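Listing of model-v4.txt, compact mmCIF, C-alpha atoms and all ligand atoms
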```
# COMPACT_ATOMS: atom_id res chain seq x y z
CA MET A 1 40.65 -42.65 26.40
CA LYS A 2 37.66 -44.40 24.86
CA ASN A 3 35.48 -41.55 25.98
CA LYS A 4 37.79 -39.04 24.40
CA ARG A 5 37.76 -40.89 21.05
CA PHE A 6 33.98 -41.12 21.16
CA PHE A 7 33.75 -37.42 21.88
CA ILE A 8 36.06 -36.53 18.97
CA THR A 9 34.10 -38.76 16.57
CA LEU A 10 30.84 -37.19 17.72
CA LEU A 11 32.24 -33.69 17.34
CA SER A 12 33.50 -34.40 13.80
CA ALA A 13 30.11 -35.82 12.86
CA VAL A 14 28.36 -32.71 14.18
CA LEU A 15 30.79 -30.47 12.30
CA ILE A 16 30.31 -32.38 9.05
CA VAL A 17 26.51 -32.30 9.34
CA THR A 18 26.54 -28.59 10.21
CA SER A 19 28.76 -27.71 7.29
CA LEU A 20 26.74 -29.90 4.91
CA THR A 21 23.47 -28.26 5.97
CA SER A 22 24.91 -24.78 5.70
CA CYS A 23 26.36 -25.68 2.26
CA GLY A 24 22.91 -26.49 0.98
CA LYS A 25 21.16 -23.49 2.56
CA SER A 26 18.96 -21.44 0.28
CA PHE A 27 19.78 -17.75 -0.13
CA ARG A 28 16.98 -16.73 2.24
CA ASP A 29 18.01 -19.24 4.91
CA ALA A 30 21.66 -18.30 4.62
CA ALA A 31 20.69 -14.63 5.07
CA LYS A 32 18.46 -15.54 8.01
CA GLN A 33 21.40 -17.27 9.63
CA LYS A 34 23.33 -13.98 9.27
CA GLY A 35 20.52 -12.15 11.06
CA PHE A 36 18.45 -10.40 8.41
CA ARG A 37 15.58 -11.08 6.01
CA ALA A 38 16.40 -11.32 2.33
CA GLY A 39 13.70 -10.36 -0.12
CA MET A 40 12.67 -8.79 -3.38
CA SER A 41 10.03 -6.64 -5.01
CA VAL A 42 7.58 -8.51 -7.21
CA GLY A 43 5.37 -7.50 -10.11
CA ALA A 44 1.61 -8.18 -9.99
CA GLY A 45 0.88 -11.90 -10.01
CA ILE A 46 4.34 -13.01 -11.17
CA PHE A 47 4.37 -15.77 -8.55
CA PHE A 48 1.70 -17.66 -10.52
CA ASP A 49 4.54 -18.67 -12.82
CA LYS A 50 6.09 -21.76 -11.19
CA SER A 51 9.66 -21.04 -12.22
CA VAL A 52 9.41 -17.48 -10.89
CA SER A 53 7.78 -18.69 -7.69
CA LYS A 54 10.68 -21.09 -7.14
CA ILE A 55 13.13 -18.17 -7.33
CA ILE A 56 11.04 -16.02 -4.99
CA LYS A 57 10.83 -18.86 -2.46
CA GLU A 58 14.57 -19.50 -2.53
CA ASN A 59 15.40 -15.85 -2.02
CA SER A 60 12.73 -14.20 0.08
CA TYR A 61 11.49 -14.01 3.63
CA VAL A 62 10.00 -10.61 2.79
CA VAL A 63 8.30 -9.45 -0.39
CA VAL A 64 7.05 -6.07 -1.52
CA SER A 65 4.91 -5.13 -4.46
CA GLU A 66 6.79 -3.11 -7.08
CA ASN A 67 3.75 -1.00 -8.02
CA CYS A 68 0.40 -2.43 -6.81
CA MET A 69 0.36 -0.60 -3.47
CA LYS A 70 0.88 2.86 -4.95
CA TRP A 71 -2.08 5.26 -5.25
CA ALA A 72 -2.33 5.20 -9.05
CA ASN A 73 -2.60 1.41 -9.08
CA LEU A 74 -4.46 0.80 -5.86
CA ARG A 75 -6.91 3.68 -6.00
CA PRO A 76 -7.11 5.02 -9.55
CA ASN A 77 -10.23 6.98 -8.65
CA LYS A 78 -11.76 8.07 -5.39
CA ASN A 79 -14.32 5.30 -5.11
CA PHE A 80 -12.52 2.27 -6.49
CA TRP A 81 -9.90 0.27 -4.65
CA ASN A 82 -8.04 -2.36 -6.63
CA TRP A 83 -7.29 -4.87 -3.86
CA ASN A 84 -6.98 -7.93 -6.00
CA ASP A 85 -3.23 -7.92 -6.76
CA ILE A 86 -2.34 -7.12 -3.16
CA ASP A 87 -4.68 -9.75 -1.69
CA GLN A 88 -3.07 -12.34 -3.93
CA LEU A 89 0.41 -11.31 -2.87
CA VAL A 90 -0.54 -11.43 0.81
CA LYS A 91 -2.03 -14.91 0.37
CA TYR A 92 1.04 -16.13 -1.52
CA ALA A 93 3.36 -14.74 1.15
CA GLN A 94 1.37 -16.32 3.98
CA GLU A 95 1.44 -19.70 2.26
CA ASN A 96 5.19 -19.47 1.83
CA ASN A 97 6.24 -18.11 5.18
CA MET A 98 7.17 -14.61 3.97
CA ASP A 99 6.52 -11.15 5.38
CA VAL A 100 4.87 -8.52 3.22
CA LYS A 101 6.15 -4.98 3.22
CA TRP A 102 3.90 -2.12 2.07
CA HIS A 103 5.40 0.32 -0.44
CA THR A 104 4.22 3.03 -0.11
CA LEU A 105 1.47 5.00 1.64
CA PHE A 106 2.59 8.49 0.54
CA TRP A 107 4.89 9.60 -2.27
CA HIS A 108 5.21 12.36 -4.86
CA ARG A 109 5.01 9.94 -7.82
CA GLN A 110 2.41 7.51 -9.11
CA ASN A 111 -0.43 9.41 -7.47
CA SER A 112 -4.02 9.18 -8.72
CA PRO A 113 -5.43 12.03 -10.81
CA PHE A 114 -7.76 13.07 -7.99
CA VAL A 115 -4.89 13.71 -5.55
CA SER A 116 -4.77 17.48 -5.68
CA SER A 117 -2.51 20.26 -4.49
CA ASN A 118 -5.62 22.45 -4.38
CA TRP A 119 -6.94 20.62 -1.32
CA THR A 120 -7.08 22.63 1.88
CA ARG A 121 -5.05 21.32 4.83
CA GLU A 122 -8.25 19.84 6.33
CA GLN A 123 -9.21 18.11 3.09
CA ALA A 124 -5.72 16.66 2.66
CA LEU A 125 -5.57 15.44 6.26
CA LYS A 126 -8.96 13.79 5.84
CA MET A 127 -7.78 12.04 2.69
CA MET A 128 -4.55 10.96 4.36
CA ASP A 129 -6.43 9.51 7.33
CA GLU A 130 -8.91 7.74 5.09
CA HIS A 131 -6.07 6.16 3.11
CA ILE A 132 -4.26 4.96 6.23
CA GLU A 133 -7.41 3.69 7.95
CA THR A 134 -8.73 1.83 4.90
CA ILE A 135 -5.48 0.05 4.10
CA MET A 136 -4.16 -0.61 7.56
CA THR A 137 -7.47 -1.88 8.91
CA ARG A 138 -7.88 -4.27 5.99
CA TYR A 139 -4.37 -5.68 6.36
CA LYS A 140 -3.99 -5.50 10.13
CA GLY A 141 -1.61 -8.24 11.25
CA LYS A 142 -0.71 -9.10 7.66
CA ILE A 143 1.85 -6.42 6.78
CA SER A 144 5.14 -6.54 8.69
CA GLU A 145 6.26 -3.02 7.81
CA TYR A 146 5.06 0.06 5.95
CA ASP A 147 6.97 2.64 3.96
CA VAL A 148 4.80 5.39 5.38
CA VAL A 149 6.43 8.12 3.33
CA ASN A 150 8.77 7.63 0.39
CA GLU A 151 11.42 10.09 -0.81
CA MET A 152 10.58 13.07 1.39
CA PHE A 153 13.90 14.90 1.04
CA GLU A 154 15.62 16.91 -1.70
CA GLU A 155 19.34 16.40 -2.32
CA ASP A 156 20.18 19.56 -0.31
CA GLY A 157 18.42 18.15 2.75
CA SER A 158 15.30 20.32 2.55
CA PHE A 159 11.85 18.72 2.52
CA ARG A 160 10.57 17.77 -0.92
CA LYS A 161 7.57 19.91 -1.81
CA ASN A 162 5.26 17.01 -2.64
CA VAL A 163 1.49 17.30 -2.68
CA TRP A 164 1.23 16.38 1.02
CA TYR A 165 3.81 18.96 2.01
CA GLU A 166 2.11 21.61 -0.09
CA THR A 167 -1.37 20.96 1.28
CA ILE A 168 -0.67 19.97 4.89
CA GLY A 169 2.75 21.44 5.65
CA PRO A 170 5.97 19.84 6.99
CA ASP A 171 4.10 18.06 9.81
CA TYR A 172 2.42 15.73 7.28
CA ILE A 173 5.04 13.04 8.00
CA GLU A 174 4.48 13.15 11.75
CA HIS A 175 0.75 13.10 11.23
CA ALA A 176 0.96 10.03 8.98
CA LEU A 177 3.22 8.15 11.41
CA ILE A 178 0.99 8.88 14.41
CA LYS A 179 -2.17 7.91 12.56
CA ALA A 180 -0.59 4.72 11.18
CA HIS A 181 0.54 3.65 14.64
CA GLU A 182 -2.93 4.33 16.00
CA VAL A 183 -4.53 2.04 13.40
CA ASP A 184 -2.01 -0.82 13.61
CA PRO A 185 0.29 -0.50 16.64
CA ASP A 186 1.96 -3.85 15.94
CA THR A 187 3.39 -3.19 12.50
CA LYS A 188 6.66 -1.38 11.85
CA LEU A 189 6.74 2.11 10.39
CA TYR A 190 9.48 3.21 8.00
CA LEU A 191 10.55 6.29 6.10
CA ASN A 192 12.18 5.32 2.81
CA GLU A 193 14.66 7.35 0.76
CA TYR A 194 17.42 7.20 -1.86
CA ASN A 195 20.93 8.71 -1.61
CA ASN A 196 20.56 8.59 2.17
CA GLU A 197 23.05 5.81 2.91
CA CYS A 198 26.31 7.71 3.55
CA LYS A 199 27.01 9.68 6.71
CA GLY A 200 28.32 13.09 5.65
CA ASN A 201 25.98 13.41 2.67
CA ARG A 202 23.59 16.38 3.05
CA LYS A 203 20.43 14.44 2.42
CA ALA A 204 21.55 11.54 4.63
CA ASP A 205 22.47 13.88 7.48
CA ALA A 206 19.21 15.81 7.19
CA MET A 207 17.26 12.58 7.32
CA PHE A 208 19.16 11.29 10.33
CA ASN A 209 18.64 14.57 12.23
CA TYR A 210 14.95 14.54 11.37
CA VAL A 211 14.44 10.92 12.48
CA LYS A 212 16.34 11.62 15.70
CA GLU A 213 14.05 14.58 16.34
CA LEU A 214 10.99 12.39 15.73
CA LYS A 215 12.30 9.81 18.20
CA GLU A 216 12.98 12.48 20.81
CA LYS A 217 9.44 13.80 20.41
CA GLY A 218 8.03 10.31 20.85
CA VAL A 219 6.61 10.07 17.31
CA PRO A 220 6.28 6.36 16.41
CA ILE A 221 8.95 5.35 13.92
CA ASP A 222 10.82 2.05 13.70
CA GLY A 223 13.03 2.16 10.67
CA VAL A 224 14.69 3.90 7.78
CA GLY A 225 14.87 2.45 4.30
CA MET A 226 18.01 3.06 2.29
CA GLN A 227 16.91 2.25 -1.23
CA MET A 228 20.42 1.53 -2.58
CA HIS A 229 19.78 2.09 -6.25
CA LEU A 230 23.51 2.22 -6.89
CA ASP A 231 25.70 2.77 -9.95
CA THR A 232 29.22 1.40 -10.39
CA SER A 233 30.40 4.76 -11.74
CA TYR A 234 29.59 6.55 -8.45
CA ASN A 235 31.85 6.47 -5.42
CA TYR A 236 31.00 3.65 -3.05
CA ASN A 237 31.98 4.26 0.56
CA GLU A 238 31.48 1.29 2.89
CA ASN A 239 32.81 3.18 5.92
CA ALA A 240 30.36 6.07 5.48
CA ILE A 241 27.46 3.62 5.11
CA ARG A 242 28.52 1.70 8.20
CA ALA A 243 28.87 4.91 10.21
CA ASN A 244 25.38 5.94 9.15
CA ILE A 245 23.86 2.56 10.08
CA GLN A 246 25.58 2.69 13.46
CA ARG A 247 24.33 6.16 14.34
CA TYR A 248 20.80 4.93 13.63
CA ALA A 249 21.45 1.94 15.90
CA GLU A 250 22.35 4.36 18.68
CA ILE A 251 18.90 5.96 18.49
CA GLY A 252 17.08 2.61 18.22
CA ILE A 253 16.23 2.75 14.51
CA GLU A 254 16.40 -0.29 12.28
CA ILE A 255 17.62 -0.17 8.69
CA SER A 256 16.43 -1.85 5.53
CA PHE A 257 18.40 -1.88 2.30
CA SER A 258 15.06 -1.55 0.66
CA GLU A 259 15.39 -1.45 -3.16
CA LEU A 260 18.85 -2.75 -3.92
CA ASP A 261 20.23 -2.86 -7.44
CA VAL A 262 23.64 -1.88 -8.82
CA ARG A 263 23.52 -0.69 -12.42
CA ILE A 264 26.35 -0.87 -14.90
CA PRO A 265 26.72 0.29 -18.52
CA MET A 266 24.76 -2.07 -20.79
CA ASP A 267 27.90 -2.67 -22.82
CA ALA A 268 29.67 -3.41 -19.55
CA ILE A 269 33.22 -4.39 -19.62
CA GLU A 270 34.33 -6.89 -17.01
CA ALA A 271 35.73 -4.16 -14.77
CA HIS A 272 32.21 -2.89 -14.06
CA GLU A 273 31.05 -6.35 -13.13
CA VAL A 274 33.89 -6.66 -10.66
CA VAL A 275 32.96 -3.32 -9.05
CA GLN A 276 29.31 -4.39 -9.02
CA GLU A 277 30.15 -7.64 -7.29
CA ASN A 278 32.26 -5.86 -4.67
CA ILE A 279 29.37 -3.51 -3.90
CA TYR A 280 26.90 -6.37 -3.51
CA LEU A 281 29.32 -8.29 -1.30
CA SER A 282 30.00 -5.24 0.83
CA LEU A 283 26.28 -4.57 1.38
CA TYR A 284 25.45 -8.15 2.33
CA LYS A 285 28.47 -8.07 4.63
CA LEU A 286 27.22 -4.86 6.27
CA ALA A 287 23.79 -6.42 6.70
CA SER A 288 25.40 -9.46 8.33
CA GLU A 289 27.64 -7.47 10.62
CA GLU A 290 25.39 -4.60 11.71
CA PRO A 291 22.61 -5.94 13.96
CA ASN A 292 20.12 -3.16 13.18
CA VAL A 293 20.04 -4.00 9.46
CA THR A 294 16.93 -6.15 9.38
CA SER A 295 16.32 -6.70 5.68
CA VAL A 296 17.96 -6.56 2.28
CA ILE A 297 15.41 -6.33 -0.51
CA THR A 298 16.41 -6.27 -4.17
CA TRP A 299 14.27 -4.28 -6.63
CA GLY A 300 13.11 -7.24 -8.68
CA TYR A 301 15.51 -10.10 -9.27
CA THR A 302 16.14 -10.42 -13.00
CA ASP A 303 17.68 -8.09 -15.60
CA LYS A 304 14.87 -9.20 -17.92
CA LYS A 305 12.48 -6.78 -16.19
CA SER A 306 13.96 -3.69 -14.70
CA TRP A 307 12.97 -0.04 -14.28
CA ILE A 308 16.52 1.14 -14.99
CA PRO A 309 16.87 1.36 -18.79
CA ALA A 310 13.76 3.59 -18.92
CA GLU A 311 15.20 6.07 -16.40
CA PHE A 312 18.93 5.66 -17.09
CA PRO A 313 19.33 4.96 -20.80
CA GLY A 314 22.38 2.82 -21.55
CA LYS A 315 22.50 1.47 -17.99
CA GLY A 316 21.10 -1.75 -16.54
CA ASN A 317 22.20 -5.32 -15.78
CA ALA A 318 21.82 -4.31 -12.16
CA LEU A 319 20.46 -7.45 -10.52
CA MET A 320 21.91 -10.80 -9.52
CA TYR A 321 19.92 -12.86 -12.04
CA ASP A 322 20.58 -12.30 -15.76
CA LYS A 323 18.10 -11.74 -18.59
CA ASP A 324 17.42 -15.49 -18.78
CA SER A 325 16.72 -15.52 -15.06
CA LYS A 326 19.88 -17.49 -14.36
CA PRO A 327 21.94 -16.59 -11.27
CA LYS A 328 25.10 -14.63 -12.15
CA LYS A 329 28.53 -15.05 -10.62
CA VAL A 330 27.74 -12.24 -8.17
CA TYR A 331 24.73 -14.20 -6.86
CA LYS A 332 26.82 -17.32 -6.31
CA ASP A 333 29.56 -15.37 -4.55
CA VAL A 334 27.14 -13.54 -2.25
CA LEU A 335 25.43 -16.85 -1.43
CA GLU A 336 28.78 -18.45 -0.66
CA TYR A 337 29.58 -15.56 1.70
CA LEU A 338 26.19 -15.85 3.44
CA ARG A 339 26.54 -19.59 3.89
CA LYS A 340 29.84 -19.29 5.79
O1 LIG B 1 10.05 0.01 -10.33
C1 LIG B 1 9.04 0.98 -10.36
C2 LIG B 1 8.63 1.23 -11.82
O2 LIG B 1 8.00 0.09 -12.37
C3 LIG B 1 7.70 2.43 -11.88
O3 LIG B 1 7.43 2.73 -13.23
C4 LIG B 1 8.36 3.60 -11.18
C5 LIG B 1 7.45 4.83 -11.27
O4 LIG B 1 7.88 5.85 -10.51
O5 LIG B 1 8.63 3.27 -9.83
C6 LIG B 1 9.57 2.25 -9.72
O6 LIG B 1 9.89 1.99 -8.38
C7 LIG B 1 10.49 3.07 -7.66
C8 LIG B 1 10.08 2.89 -6.21
O7 LIG B 1 8.70 2.84 -6.10
C9 LIG B 1 10.64 4.03 -5.35
N1 LIG B 1 12.05 4.14 -5.51
C10 LIG B 1 12.56 4.22 -6.88
C11 LIG B 1 12.02 3.04 -7.69
C12 LIG B 1 12.60 3.07 -9.10
O8 LIG B 1 12.17 4.24 -9.76
```
Please lay out the structure from this file as structure tokens.
Ligand code: 9MR
Amino acid sequence: MKNKRFFITLLSAVLIVTSLTSCGKSFRDAAKQKGFRAGMSVGAGIFFDKSVSKIIKENSYVVVSENCMKWANLRPNKNFWNWNDIDQLVKYAQENNMDVKWHTLFWHRQNSPFVSSNWTREQALKMMDEHIETIMTRYKGKISEYDVVNEMFEEDGSFRKNVWYETIGPDYIEHALIKAHEVDPDTKLYLNEYNNECKGNRKADAMFNYVKELKEKGVPIDGVGMQMHLDTSYNYNENAIRANIQRYAEIGIEISFSELDVRIPMDAIEAHEVVQENIYLSLYKLASEEPNVTSVITWGYTDKKSWIPAEFPGKGNALMYDKDSKPKKVYKDVLEYLRK
């Protein structure tokens, strides 16, 4: 009898302590407990601001540079590499127990002026190899995953005719993946895309079939990024996203929600905020429930600085922190879900 009472008291104490600790968990620890890394993209050097750094530390086990790793910023001309911003980010991440993701080795935007569609295949391959070797040797062991190619598909599922496609041909992706794996076999290699989250969508299906083909051929590839730049006025289909994630699981591919934000009209009425919150909750739920979703990265964190109004006039307010960098209701509700 005594033993039983002791056992019950002990059990209650353990339960209270467990629930107290999980109550106080930071966003990143709560996400970790659900089985994925939370993170965000960061602008150059923003972590030198103490209040920003506090937010990054609460929310991120993985960080990615919003622009510093792109050709135009990193290598504005052939002979100059601007490593400074990236070195600082890597140092900051190491000091704060975060992974660093590279975005992106190859893309059709933000290229340097010397990147040319007049290159021959040989010249382009040489340039591609040089880019991979220089970056991946310098940061060997320091970058957890690379977006090797970004946005390689058109909406109809055909390959985008970017400069690498035009100069090298459709095998440029394979070539980049093989070379990247050769230089740093321990990092993870991703292909990153937008509008590729729903099974049944042409671009999403084309990407899945392509990645499956790569796997079957033995080309090194670990993951697919679903950017998730979403809009409350588009259809949101949780089932189609889940089905897509699960078919990737079947072929051994991990998924990152890699650039999450959910834009609403700037003069948003409450209804949009409710839809926005439901989308955020659904995505964090999917990440918690589907074992092959390994990270959820928001594109920035505050509405104060966002790429959206420039590209979608009249839209914005897409993140979970408001313009004063205060967490919104959606942030608190997602956190509460993650802590359960
Ligand atoms: O957020 C980035 C913005 O500051 C740049 O001006 C823009 C230029 O293309 O790129 C933005 O980031 C993009 C990312 O690299 C790839 N996916 C879409 C993102 C938003 O455009």
**Prompt:** Taking (-2.4, 25.7, 3.2) in the file's coordinates as the center, which residues reach within 9 Å of it, counting all atoms listed in the file, put as a list in words?
**Reply:** Asn118, Trp119, Thr120, Arg121, Glu122, Glu166, Thr167, Ile168 and Gly169 of chain A
Would you mind listing, for every residue of chain A within 8 Å of ligand LIG 1 (chain B), the two atoms forming the shortest contact and the distance between them in Å to one decimal, using only C-alpha atoms and all ligand atoms, sorted by chain and ascending residue number, as CSV?
```
residue,atom,partner,partner_atom,distance
A:Glu66,CA,B:LIG1,O1,5.6
A:Asn67,CA,B:LIG1,C1,6.1
A:Lys70,CA,B:LIG1,O7,7.9
A:His103,CA,B:LIG1,O7,7.0
A:Thr104,CA,B:LIG1,O7,7.5
A:Arg109,CA,B:LIG1,O4,5.7
A:Gln110,CA,B:LIG1,O4,5.9
A:Asn150,CA,B:LIG1,C9,7.0
A:Glu151,CA,B:LIG1,N1,7.6
A:Glu193,CA,B:LIG1,N1,7.5
A:Tyr194,CA,B:LIG1,N1,7.2
A:Gln227,CA,B:LIG1,N1,6.7
A:His229,CA,B:LIG1,C10,7.6
A:Glu259,CA,B:LIG1,N1,6.9
A:Trp299,CA,B:LIG1,O1,7.1
A:Ser306,CA,B:LIG1,O1,6.9
A:Trp307,CA,B:LIG1,O1,4.9
A:Ile308,CA,B:LIG1,C12,7.3
A:Glu311,CA,B:LIG1,O8,7.5
```
**Prompt:** Which residue out of A:Ile56, A:Ile173, A:Ala204, A:Met128 has the minimum interatomic distance to Asp156 in chain A when all atoms listed in the file are used?
**Reply:** A:Ala204
**A:Ala271, A:Met207, A:Met266, A:Val296 ranked by distance to Pro309 in chain A, top pick (using all atoms listed in the file)** =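 Residue with the minimum atom-to-atom distance to Pro309 in chain A: A:Met266.
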**Prompt:** How many Å lie between CA of Ile86 in chain A and CA of Met40 in chain A, rounded to one decimal?
**Reply:** 15.1 Å
**Request:** Work out how far CA of Thr187 in chain A is from CA of Ala124 in chain A, in Å to one decimal.
**Result:**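 CA of Thr187 in chain A lies 24.0 Å from CA of Ala124 in chain A.
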**Message:** Restricting the calculation to all atoms listed in the file: of A:Phe312, A:Ser158, A:Ile178, A:Phe36, which residue gets closest to Ile255 in chain A?
**Reply:**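 Closest to Ile255 in chain A of all the choices is A:Phe36.
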What are the nearest atom pairs, with distances in Å to one decimal, for all residues of range 238-297 of chain A that come at most 12 Å from range 322-340 of chain A, using all atoms listed in the file, set out by chain and rising residue number as a Markdown table?
```
| residue | atom | partner | partner_atom | distance |
| --- | --- | --- | --- | --- |
| A:Val262 | CA | A:Val330 | CA | 11.2 |
| A:Met266 | CA | A:Lys323 | CA | 11.9 |
| A:Glu270 | CA | A:Lys329 | CA | 11.9 |
| A:His272 | CA | A:Val330 | CA | 11.9 |
| A:Glu273 | CA | A:Val330 | CA | 8.4 |
| A:Val274 | CA | A:Val330 | CA | 8.7 |
| A:Val275 | CA | A:Val330 | CA | 10.4 |
| A:Gln276 | CA | A:Val330 | CA | 8.1 |
| A:Glu277 | CA | A:Val330 | CA | 5.3 |
| A:Asn278 | CA | A:Val330 | CA | 8.6 |
| A:Ile279 | CA | A:Val330 | CA | 9.9 |
| A:Tyr280 | CA | A:Val334 | CA | 7.3 |
| A:Leu281 | CA | A:Val334 | CA | 5.8 |
| A:Ser282 | CA | A:Val334 | CA | 9.3 |
| A:Leu283 | CA | A:Val334 | CA | 9.7 |
| A:Tyr284 | CA | A:Val334 | CA | 7.3 |
| A:Lys285 | CA | A:Tyr337 | CA | 8.1 |
| A:Leu286 | CA | A:Leu338 | CA | 11.4 |
| A:Ala287 | CA | A:Leu338 | CA | 10.3 |
| A:Ser288 | CA | A:Leu338 | CA | 8.1 |
| A:Glu289 | CA | A:Leu338 | CA | 11.1 |
```
Restricting the output to C-alpha atoms, write the selected residues as a PDB file, in the coordinates of the input.
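Just written: selection06.pdb:
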```pdb
ATOM      1  CA  VAL A 262      23.640  -1.880  -8.820  1.00  0.00           C
ATOM      2  CA  MET A 266      24.760  -2.070 -20.790  1.00  0.00           C
ATOM      3  CA  GLU A 270      34.330  -6.890 -17.010  1.00  0.00           C
ATOM      4  CA  HIS A 272      32.210  -2.890 -14.060  1.00  0.00           C
ATOM      5  CA  GLU A 273      31.050  -6.350 -13.130  1.00  0.00           C
ATOM      6  CA  VAL A 274      33.890  -6.660 -10.660  1.00  0.00           C
ATOM      7  CA  VAL A 275      32.960  -3.320  -9.050  1.00  0.00           C
ATOM      8  CA  GLN A 276      29.310  -4.390  -9.020  1.00  0.00           C
ATOM      9  CA  GLU A 277      30.150  -7.640  -7.290  1.00  0.00           C
ATOM     10  CA  ASN A 278      32.260  -5.860  -4.670  1.00  0.00           C
ATOM     11  CA  ILE A 279      29.370  -3.510  -3.900  1.00  0.00           C
ATOM     12  CA  TYR A 280      26.900  -6.370  -3.510  1.00  0.00           C
ATOM     13  CA  LEU A 281      29.320  -8.290  -1.300  1.00  0.00           C
ATOM     14  CA  SER A 282      30.000  -5.240   0.830  1.00  0.00           C
ATOM     15  CA  LEU A 283      26.280  -4.570   1.380  1.00  0.00           C
ATOM     16  CA  TYR A 284      25.450  -8.150   2.330  1.00  0.00           C
ATOM     17  CA  LYS A 285      28.470  -8.070   4.630  1.00  0.00           C
ATOM     18  CA  LEU A 286      27.220  -4.860   6.270  1.00  0.00           C
ATOM     19  CA  ALA A 287      23.790  -6.420   6.700  1.00  0.00           C
ATOM     20  CA  SER A 288      25.400  -9.460   8.330  1.00  0.00           C
ATOM     21  CA  GLU A 289      27.640  -7.470  10.620  1.00  0.00           C
TER      22      GLU A 289
END
```
**Item:** Contact residues around Val293 in chain A with only C-alpha atoms at 6 Å, ignoring same-chain residues under 2 positions, as a list in words
**Value:** Glu254, Ile255, Ser256, Ala287, Glu290, Pro291 and Ser295 of chain A
**Item:** Separation of CA of Leu191 in chain A from CA of Val100 in chain A, in Å and rounded to one decimal
**Value:**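 That distance, rounded to one decimal, is 16.1 Å.
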**Request:** Pick out the residues sitting within 10 Å of Asn73 in chain A, and hand them over as an MDAnalysis selection string; count all atoms listed in the file, and ignore anything fewer than 6 positions along from it in its own chain.
**Result:** chainID A and resid 67 81:83 85 110:112
**Using all atoms listed in the file: which of A:Glu130, A:Asp87, A:Glu145, A:Asp261 has the shortest distance to Lys101 in chain A** =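 Using all atoms listed in the file, the shortest distance to Lys101 in chain A belongs to A:Glu145.
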**Fill in**
Using all atoms listed in the file, the residue out of A:Lys32, A:Lys78, A:Lys315, A:His131 with shortest distance to Ala176 in chain A is A:His131
**Message:** Taking 3 positions as the minimum chain separation for residues in the same chain, which residues sit within 8 Å of Asp129 in chain A when counting all atoms listed in the file? Answer as a list in words.
**Reply:**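 Residues near the query, excluding close chain neighbours: Leu125, Lys126, Ile132, Glu133, Ala176 and Lys179 of chain A.
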Output the selection as a short mmCIF file (atom, residue, chain, number, x, y, z; two decimals), in the frame of the given file - C-alpha atoms for each residue.
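What landed in out.cif:
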```
data_model
loop_
_atom_site.label_atom_id
_atom_site.label_comp_id
_atom_site.auth_asym_id
_atom_site.auth_seq_id
_atom_site.Cartn_x
_atom_site.Cartn_y
_atom_site.Cartn_z
CA LEU A 125 -5.57 15.44 6.26
CA LYS A 126 -8.96 13.79 5.84
CA ILE A 132 -4.26 4.96 6.23
CA GLU A 133 -7.41 3.69 7.95
CA ALA A 176 0.96 10.03 8.98
CA LYS A 179 -2.17 7.91 12.56
#
```
**Asked** Out of A:Met226, A:Met98, A:Ala44, A:Leu105, which residue has the shortest atom-to-atom distance to Ile245 in chain A when counting all atoms listed in the file?
**Response**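 Closest candidate: A:Met226.
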